[in-house]
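Enquirer: This is input.txt (compact mmCIF, C-alpha atoms).
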# COMPACT_ATOMS: atom_id res chain seq x y z
CA MET A 1 0.00 0.00 0.00
CA ALA A 2 2.81 2.36 0.93
CA SER A 3 4.71 1.57 -2.25
CA GLY A 4 1.55 2.20 -4.30
CA THR A 5 1.07 5.54 -2.59
CA ARG A 6 4.68 6.47 -3.28
CA TRP A 7 4.27 5.43 -6.92
CA ALA A 8 1.11 7.53 -7.28
CA GLY A 9 2.82 10.47 -5.62
CA GLY A 10 5.82 10.09 -7.91
CA ALA A 11 3.58 9.90 -10.97
CA ALA A 12 1.70 13.01 -9.87
CA ALA A 13 4.98 14.83 -9.33
CA ALA A 14 6.19 13.76 -12.79
CA VAL A 15 2.97 14.99 -14.40
CA ALA A 16 3.18 18.28 -12.50
CA PHE A 17 6.80 18.69 -13.58
CA ALA A 18 5.90 17.99 -17.21
CA VAL A 19 2.99 20.42 -17.12
CA SER A 20 5.13 23.12 -15.50
CA GLY A 21 7.81 22.49 -18.12
CA LEU A 22 5.28 22.90 -20.93
CA ALA A 23 3.92 26.04 -19.27
CA SER A 24 7.38 27.54 -18.94
CA GLN A 25 8.15 26.58 -22.55
CA GLN A 26 4.95 28.29 -23.70
CA ALA A 27 5.79 31.35 -21.60
CA ARG A 28 9.18 31.55 -23.30
CA ALA A 29 7.51 31.15 -26.70
CA ASP A 30 5.23 34.13 -25.98
CA SER A 31 8.01 36.25 -24.48
CA ILE A 32 8.87 39.75 -25.65
CA LEU A 33 12.44 38.42 -25.82
CA ALA A 34 11.43 36.18 -28.75
CA PRO A 35 10.17 38.83 -31.22
CA ALA A 36 8.48 37.95 -34.49
CA GLY A 37 8.44 41.42 -36.03
CA PRO A 38 10.53 44.61 -36.36
CA VAL A 39 8.82 46.48 -33.51
CA GLY A 40 9.28 43.60 -31.08
CA ALA A 41 12.92 43.25 -32.20
CA GLY A 42 13.51 46.96 -31.60
CA GLU A 43 12.00 46.78 -28.14
CA ARG A 44 14.09 43.73 -27.25
CA LEU A 45 17.21 45.64 -28.34
CA ILE A 46 16.28 48.53 -26.03
CA LEU A 47 15.84 46.12 -23.11
CA LEU A 48 19.18 44.41 -23.77
CA ASP A 49 20.99 47.74 -24.22
CA ALA A 50 19.51 49.05 -20.97
CA LEU A 51 20.54 45.85 -19.18
CA ALA A 52 24.12 46.10 -20.48
CA ILE A 53 24.37 49.78 -19.47
CA MET A 54 23.11 49.07 -15.94
CA LEU A 55 25.35 46.03 -15.53
CA ALA A 56 28.30 48.27 -16.38
CA ILE A 57 27.86 49.86 -12.95
CA VAL A 58 26.31 46.95 -11.04
CA ILE A 59 29.04 44.38 -11.77
CA PRO A 60 32.04 46.65 -10.92
CA THR A 61 30.25 47.74 -7.73
CA MET A 62 29.73 44.13 -6.63
CA VAL A 63 33.33 43.22 -7.47
CA ALA A 64 34.64 46.31 -5.66
CA THR A 65 32.57 45.46 -2.57
CA LEU A 66 34.11 42.00 -2.37
CA ALA A 67 37.60 43.38 -3.10
CA PHE A 68 37.34 46.04 -0.38
CA ALA A 69 36.03 43.52 2.15
CA TRP A 70 38.93 41.20 1.38
CA TRP A 71 41.68 43.84 1.29
CA PHE A 72 40.63 45.70 4.45
CA ARG A 73 40.11 42.58 6.52
CA ALA A 74 41.52 42.69 10.06
CA SER A 75 44.31 40.21 9.29
CA ASN A 76 45.75 42.20 6.37
CA THR A 77 48.61 44.23 7.80
CA ARG A 78 49.39 45.82 4.40
CA ALA A 79 46.09 47.72 4.32
CA SER A 80 46.42 51.37 5.34
CA TYR A 81 44.30 52.54 8.24
CA LEU A 82 43.46 56.26 7.87
CA PRO A 83 41.14 57.30 10.72
CA GLY A 84 41.52 61.00 9.86
CA TRP A 85 40.49 60.59 6.18
CA ASP A 86 37.25 62.34 5.23
CA TYR A 87 37.39 63.48 1.59
CA SER A 88 38.84 62.52 -1.80
CA GLY A 89 38.15 64.55 -4.91
CA ARG A 90 38.99 61.61 -7.19
CA ILE A 91 36.55 59.32 -5.38
CA GLU A 92 33.83 61.99 -5.54
CA LEU A 93 34.44 62.34 -9.28
CA ILE A 94 34.05 58.59 -9.80
CA VAL A 95 31.02 58.33 -7.51
CA TRP A 96 29.13 61.04 -9.40
CA SER A 97 30.42 60.63 -12.97
CA ILE A 98 29.59 56.93 -13.42
CA PRO A 99 25.88 57.21 -12.45
CA THR A 100 25.62 60.38 -14.54
CA LEU A 101 27.00 58.57 -17.58
CA VAL A 102 24.61 55.65 -16.98
CA ILE A 103 21.64 58.03 -16.87
CA LEU A 104 22.81 59.79 -20.04
CA PHE A 105 23.28 56.50 -21.91
CA LEU A 106 19.92 55.12 -20.74
CA GLY A 107 18.18 58.37 -21.61
CA GLY A 108 19.76 58.39 -25.07
CA VAL A 109 18.78 54.79 -25.81
CA ILE A 110 15.21 55.36 -24.66
CA TRP A 111 14.88 58.72 -26.45
CA ILE A 112 16.07 57.32 -29.78
CA GLY A 113 14.04 54.11 -29.37
CA SER A 114 10.87 56.02 -28.48
CA HIS A 115 11.06 57.99 -31.71
CA ASP A 116 12.07 55.02 -33.86
CA LEU A 117 9.24 52.88 -32.46
CA ASP A 118 6.53 55.54 -32.29
CA PRO A 119 3.30 53.48 -32.56
CA PHE A 120 1.62 56.15 -34.71
CA VAL A 121 4.40 56.16 -37.33
CA PRO A 122 3.89 53.69 -40.25
CA LEU A 123 6.55 51.04 -40.71
CA PRO A 124 8.76 51.49 -43.79
CA SER A 125 7.49 49.15 -46.49
CA THR A 126 6.54 49.10 -50.15
CA ALA A 127 3.43 47.04 -49.34
CA LYS A 128 0.10 48.66 -48.56
CA PRO A 129 -0.77 48.34 -44.85
CA LEU A 130 -3.66 46.12 -43.80
CA GLU A 131 -6.24 48.19 -41.93
CA ILE A 132 -7.64 46.55 -38.79
CA ASP A 133 -10.09 48.16 -36.35
CA VAL A 134 -9.97 46.87 -32.78
CA VAL A 135 -12.72 47.22 -30.18
CA SER A 136 -12.15 46.23 -26.57
CA LEU A 137 -15.28 44.69 -25.01
CA ASP A 138 -16.20 43.03 -21.69
CA TRP A 139 -14.27 40.65 -21.82
CA LYS A 140 -13.30 39.93 -25.39
CA TRP A 141 -11.76 41.58 -28.44
CA LEU A 142 -13.52 42.48 -31.69
CA PHE A 143 -11.41 42.81 -34.85
CA ILE A 144 -12.92 44.48 -37.92
CA TYR A 145 -11.27 44.35 -41.36
CA PRO A 146 -12.97 47.39 -42.96
CA GLU A 147 -11.54 46.98 -46.47
CA GLN A 148 -12.25 43.23 -46.56
CA GLY A 149 -15.69 43.56 -44.96
CA VAL A 150 -15.27 40.80 -42.34
CA ALA A 151 -14.79 40.67 -38.58
CA SER A 152 -13.72 38.25 -35.87
CA VAL A 153 -13.93 37.87 -32.11
CA ASN A 154 -10.84 36.82 -30.14
CA LEU A 155 -9.10 35.88 -33.41
CA LEU A 156 -6.65 38.07 -35.32
CA VAL A 157 -5.48 36.64 -38.65
CA VAL A 158 -2.79 38.65 -40.48
CA PRO A 159 -0.61 38.12 -43.56
CA VAL A 160 3.12 37.67 -43.00
CA GLY A 161 5.31 40.54 -44.15
CA THR A 162 2.45 43.03 -44.56
CA PRO A 163 2.41 46.17 -42.38
CA LEU A 164 -0.55 46.25 -40.01
CA HIS A 165 -2.26 49.52 -39.13
CA PHE A 166 -4.55 49.23 -36.11
CA ARG A 167 -7.17 51.71 -34.96
CA ILE A 168 -8.04 50.85 -31.37
CA THR A 169 -10.90 51.93 -29.12
CA SER A 170 -12.90 50.59 -26.19
CA ALA A 171 -16.66 50.08 -26.07
CA SER A 172 -16.46 49.89 -22.30
CA VAL A 173 -13.73 50.57 -19.75
CA PHE A 174 -10.07 51.47 -20.10
CA ASN A 175 -8.05 48.54 -21.46
CA ALA A 176 -4.72 47.72 -23.12
CA PHE A 177 -3.98 45.88 -26.38
CA PHE A 178 -0.77 43.85 -26.42
CA ILE A 179 0.82 41.18 -28.62
CA PRO A 180 4.12 40.49 -26.79
CA ARG A 181 6.00 38.97 -29.74
CA LEU A 182 5.01 41.76 -32.13
CA GLY A 183 5.53 44.57 -29.60
CA SER A 184 4.12 47.87 -28.36
CA GLN A 185 1.33 47.71 -25.83
CA ILE A 186 -1.16 50.53 -26.40
CA TYR A 187 -4.28 51.61 -24.56
CA ALA A 188 -7.88 51.24 -25.70
CA MET A 189 -10.06 54.07 -24.37
CA ASN A 190 -13.77 54.69 -24.57
CA GLY A 191 -14.54 57.68 -26.81
CA MET A 192 -10.96 57.83 -28.14
CA THR A 193 -8.98 56.14 -30.91
CA SER A 194 -5.37 54.97 -30.58
CA GLN A 195 -3.20 53.86 -33.45
CA LEU A 196 -0.58 51.14 -33.68
CA ASN A 197 1.67 49.92 -36.50
CA LEU A 198 3.07 46.38 -36.35
CA ARG A 199 4.26 43.62 -38.68
CA ALA A 200 4.67 39.86 -38.36
CA ASP A 201 7.78 38.71 -40.20
CA ARG A 202 7.31 34.96 -39.93
CA PRO A 203 4.35 32.57 -39.81
CA GLY A 204 3.16 31.39 -36.43
CA HIS A 205 0.51 31.51 -33.74
CA TYR A 206 1.07 34.16 -31.11
CA LEU A 207 -0.58 35.23 -27.89
CA GLY A 208 -2.58 38.44 -27.71
CA LEU A 209 -3.90 39.77 -24.43
CA SER A 210 -5.25 42.59 -22.34
CA SER A 211 -2.49 43.97 -20.13
CA HIS A 212 -4.67 46.29 -18.04
CA PHE A 213 -7.13 45.13 -15.36
CA SER A 214 -10.67 45.78 -16.57
CA GLY A 215 -13.01 43.71 -14.39
CA ASP A 216 -13.93 40.20 -13.37
CA GLY A 217 -13.26 38.54 -16.75
CA PHE A 218 -9.93 40.25 -17.34
CA SER A 219 -7.80 37.13 -16.73
CA ASP A 220 -9.46 35.33 -19.67
CA MET A 221 -9.31 38.30 -22.05
CA HIS A 222 -6.88 36.67 -24.50
CA PHE A 223 -6.99 36.38 -28.28
CA ASP A 224 -5.24 34.21 -30.84
CA VAL A 225 -2.95 35.79 -33.42
CA ALA A 226 -2.38 33.72 -36.57
CA ALA A 227 0.30 35.06 -38.92
CA GLU A 228 -0.25 33.30 -42.25
CA PRO A 229 1.33 33.47 -45.72
CA GLN A 230 -0.56 35.68 -48.18
CA THR A 231 -2.24 32.73 -49.93
CA GLN A 232 -3.53 31.24 -46.68
CA PHE A 233 -4.71 34.66 -45.49
CA ALA A 234 -6.67 35.06 -48.74
CA GLN A 235 -8.17 31.60 -48.22
CA TRP A 236 -9.21 32.56 -44.69
CA LEU A 237 -10.91 35.68 -46.01
CA GLY A 238 -12.80 33.65 -48.59
CA GLN A 239 -13.93 31.07 -46.04
CA THR A 240 -14.96 33.81 -43.61
CA ARG A 241 -17.08 35.59 -46.22
CA ALA A 242 -18.79 32.30 -47.09
CA ARG A 243 -20.17 31.54 -43.65
CA GLY A 244 -21.17 33.13 -40.38
CA PRO A 245 -23.54 35.92 -39.34
CA ALA A 246 -23.48 39.59 -40.30
CA LEU A 247 -22.15 42.15 -37.83
CA ASP A 248 -24.72 44.95 -37.85
CA ARG A 249 -25.86 47.18 -34.99
CA ALA A 250 -28.24 44.56 -33.65
CA ALA A 251 -25.51 41.89 -33.64
CA TYR A 252 -23.12 44.38 -32.06
CA ALA A 253 -25.63 45.09 -29.27
CA ALA A 254 -25.74 41.37 -28.51
CA LEU A 255 -21.95 41.13 -28.64
CA LEU A 256 -21.69 44.06 -26.23
CA ARG A 257 -23.16 42.06 -23.37
CA GLN A 258 -20.58 40.83 -20.86
CA SER A 259 -19.22 37.33 -21.43
CA ARG A 260 -16.14 35.31 -20.48
CA ARG A 261 -13.94 32.69 -22.12
CA VAL A 262 -15.41 33.40 -25.54
CA ALA A 263 -14.22 30.96 -28.20
CA PRO A 264 -12.99 32.63 -31.43
CA TYR A 265 -15.55 33.06 -34.23
CA THR A 266 -16.05 35.24 -37.29
CA TYR A 267 -18.60 37.46 -39.04
CA ALA A 268 -19.12 37.16 -42.78
CA SER A 269 -19.91 40.84 -43.25
CA VAL A 270 -19.72 44.10 -41.30
CA GLU A 271 -21.99 47.13 -41.36
CA ALA A 272 -20.12 50.10 -42.83
CA GLY A 273 -19.08 52.73 -40.31
CA LEU A 274 -19.60 50.51 -37.26
CA PHE A 275 -16.17 51.19 -35.76
CA GLY A 276 -16.57 54.94 -36.23
CA ALA A 277 -19.94 54.83 -34.46
CA VAL A 278 -18.38 52.98 -31.52
CA ALA A 279 -15.38 55.32 -31.29
CA ALA A 280 -17.57 58.44 -31.56
CA GLN A 281 -19.94 57.07 -28.88
CA ARG A 282 -22.93 57.09 -31.23
CA LEU A 283 -23.63 53.59 -29.92
CA PRO A 284 -24.28 52.82 -26.24
CA PRO A 285 -21.21 51.78 -24.21
CA GLY A 286 -20.74 48.39 -22.60
CA GLU A 287 -21.79 47.61 -19.06
CA GLY A 288 -18.36 47.76 -17.46
CA PRO A 289 -17.74 46.45 -13.93
CA PRO A 290 -20.71 46.86 -11.57
CA PRO A 291 -20.70 50.05 -9.44
CA GLY A 292 -18.60 49.68 -6.34
CA ALA A 293 -16.71 46.62 -7.62
CA THR A 294 -13.13 46.31 -6.41
CA GLY A 295 -10.70 47.58 -9.04
CA ALA A 296 -13.52 48.97 -11.21
CA VAL A 297 -12.35 51.42 -13.88
CA ALA A 298 -14.41 54.35 -15.09
CA HIS A 299 -15.36 54.69 -18.76
CA GLY A 300 -12.57 56.33 -20.71
CA ALA A 301 -10.33 56.87 -17.66
CA PRO A 302 -7.50 54.81 -16.17
Mind turning the file's structure into C-alpha cells?
Expert:
Amino acid sequence: MASGTRWAGGAAAAVAFAVSGLASQQARADSILAPAGPVGAGERLILLDALAIMLAIVIPTMVATLAFAWWFRASNTRASYLPGWDYSGRIELIVWSIPTLVILFLGGVIWIGSHDLDPFVPLPSTAKPLEIDVVSLDWKWLFIYPEQGVASVNLLVVPVGTPLHFRITSASVFNAFFIPRLGSQIYAMNGMTSQLNLRADRPGHYLGLSSHFSGDGFSDMHFDVAAEPQTQFAQWLGQTRARGPALDRAAYAALLRQSRRVAPYTYASVEAGLFGAVAAQRLPPGEGPPPGATGAVAHGAP
C-alpha cells in the first residue's frame, strides 16, 4: 500500500513537472524576448541595451565590494588605516560621474528608441498596410477588417510581411492591447482612438492579451494571433465571407453584453461605419464592472 502511494505520488509529481515544463516553454515562446516582427525586435534591443548599461555599474560595484572587504580585513597588515580621512576629490568624481553617464546612456537609448518605435508612425514598407479596427469589449476583443468587410472575435489573422495599421478603441472601460512577440502595448479608451503599427515577419501563432485590469473577466481576455502566408490569409478571407452571421448594430448590441472565455468566431460581413460609431460614442457603451466593484475602472479613464 505504501509503495503504491509512493508510486502515485511520484507519478503526480512527474505529471506536475511535465505540465510546469510545458507552461514555462509556452511562456518563453510568448516572451517579448522572442520577437516575431521589427517592432518587437527593436523593443528587445532597447531592453538588452539598458541591461548592459546598468550592468556596467552593477558588476564593478559588486566586485569592488568583495575586493574592499577582502583587502581591508583585520588580518591584512598591508592595508592602510586612515582614521583621519574624510574626503577625496577623485573618489567623488568617480562616484558622481559613473551614475551620470549611466543616466545619459539610458536616456539616449530610450529617447532614440521612443522615436524610432513611435506606434503612430507607419513602418517602412513598399506594401500597402492592412487596416484593422480593434474594439475592446467586456471581456473579449472584436477585430474588424474594414476593407475586406469581415470581422472576428478573439481571433486576429494577419498576412506575414504586410504592415498592419490598427485603430483601437474601447466600447467599455479602459483597457490595453498587447501582442508580446510583435511589440508595443497601447491603450484602448472609450470615446478615443489609438493607433498602432506592427508587422509579423514569420508565420506562427502568437498570444494576444489585455495587459490592463478591466473587471472580473480580465484574466481570460486573451486572443489568438495567426500570422499566415498571403495565400492562406486570402483563403481565410474567402472562407470567412462564405459563412457566419453579419455584424450589424443589432448583432453588435448582442456582442456588447458581458461574457467570459469566448471561443474565437467570425462574421461574414460588417456594417459600414460601425467602428466609427463605436469610437464616436454614437452607440451605447458596454456595461463595465458593476458600481462599487473592487478595481472597477471608469469609462474612458485609467
Enquirer: Go through A:Ile179, A:Leu198, A:Leu106, A:Ala36 and flag the residue nearest Ser211 in chain A, using all atoms listed in the file for the distances.
Expert: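 Using all atoms listed in the file, the shortest distance to Ser211 in chain A belongs to A:Ile179.
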Enquirer: Neighbours of range 216-233 of chain A within 8 Å (all atoms listed in the file; same-chain residues fewer than 5 positions away dropped), as number ranges by chain?
Expert: A: 138-141, 154-160, 200, 202-210, 259-261, 264, 289
Enquirer: With only C-alpha atoms counted and 12 Å as the cut-off, give the residues of range 35-57 of chain A in contact with range 112-129 of chain A, each with its shortest interatomic distance in Å and the pair that gives it, as a Markdown table.
Expert:
| residue | atom | partner | partner_atom | distance |
| --- | --- | --- | --- | --- |
| A:Gly37 | CA | A:Leu123 | CA | 10.9 |
| A:Pro38 | CA | A:Leu123 | CA | 8.7 |
| A:Val39 | CA | A:Leu117 | CA | 6.5 |
| A:Gly40 | CA | A:Leu117 | CA | 9.4 |
| A:Ala41 | CA | A:Leu117 | CA | 10.3 |
| A:Gly42 | CA | A:Leu117 | CA | 7.3 |
| A:Glu43 | CA | A:Gly113 | CA | 7.7 |
| A:Arg44 | CA | A:Gly113 | CA | 10.6 |
| A:Leu45 | CA | A:Gly113 | CA | 9.1 |
| A:Ile46 | CA | A:Gly113 | CA | 6.9 |
| A:Leu47 | CA | A:Gly113 | CA | 10.3 |
| A:Asp49 | CA | A:Gly113 | CA | 10.7 |
| A:Ala50 | CA | A:Gly113 | CA | 11.2 |
Enquirer: For CA of Met189 in chain A and CA of Ile110 in chain A, quote the distance in Å rounded to one decimal.
Expert: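 Taking CA of Met189 in chain A and CA of Ile110 in chain A, their separation equals 25.3 Å.
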Enquirer: Can you work out which one of A:Leu196, A:Val95, A:Leu82, A:Gly183 has the shortest atom-to-atom distance to Ala34 in chain A, counting only C-alpha atoms?
Expert: A:Gly183
Enquirer: Report, in Å with one decimal, the straight-line distance from CA of Asn175 in chain A to CA of Val135 in chain A.
Expert: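 Between these atoms lies a distance of 10.0 Å.
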Enquirer: Hey, can you check how far CA of Gly161 in chain A sits from CA of Arg181 in chain A?
Expert: 14.5 Å
Enquirer: Between A:Ala151, A:Leu256, A:Ala272, A:Ile98, which has the minimum distance to Pro284 in chain A (counting all atoms listed in the file)?
Expert: A:Leu256
Enquirer: Rank A:Val150, A:Val278, A:Ser75, A:Leu142 by their smallest atom-to-atom distance to Ala246 in chain A, using all atoms listed in the file, and report the top residue only.
Expert: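 Of the candidates, the smallest distance to Ala246 in chain A is held by A:Val150.
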Enquirer: Restricting the calculation to all atoms listed in the file, which member of A:Tyr267, A:Phe72, A:Trp111, A:Tyr252 is positioned closest to Gln239 in chain A?
Expert: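 Selected residue with least distance to Gln239 in chain A: A:Tyr267.
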Enquirer: Which residue out of A:Val153, A:Ile144, A:Leu130, A:Ala253 has the minimum interatomic distance to Asn197 in chain A when all atoms listed in the file are used?
Expert: A:Leu130
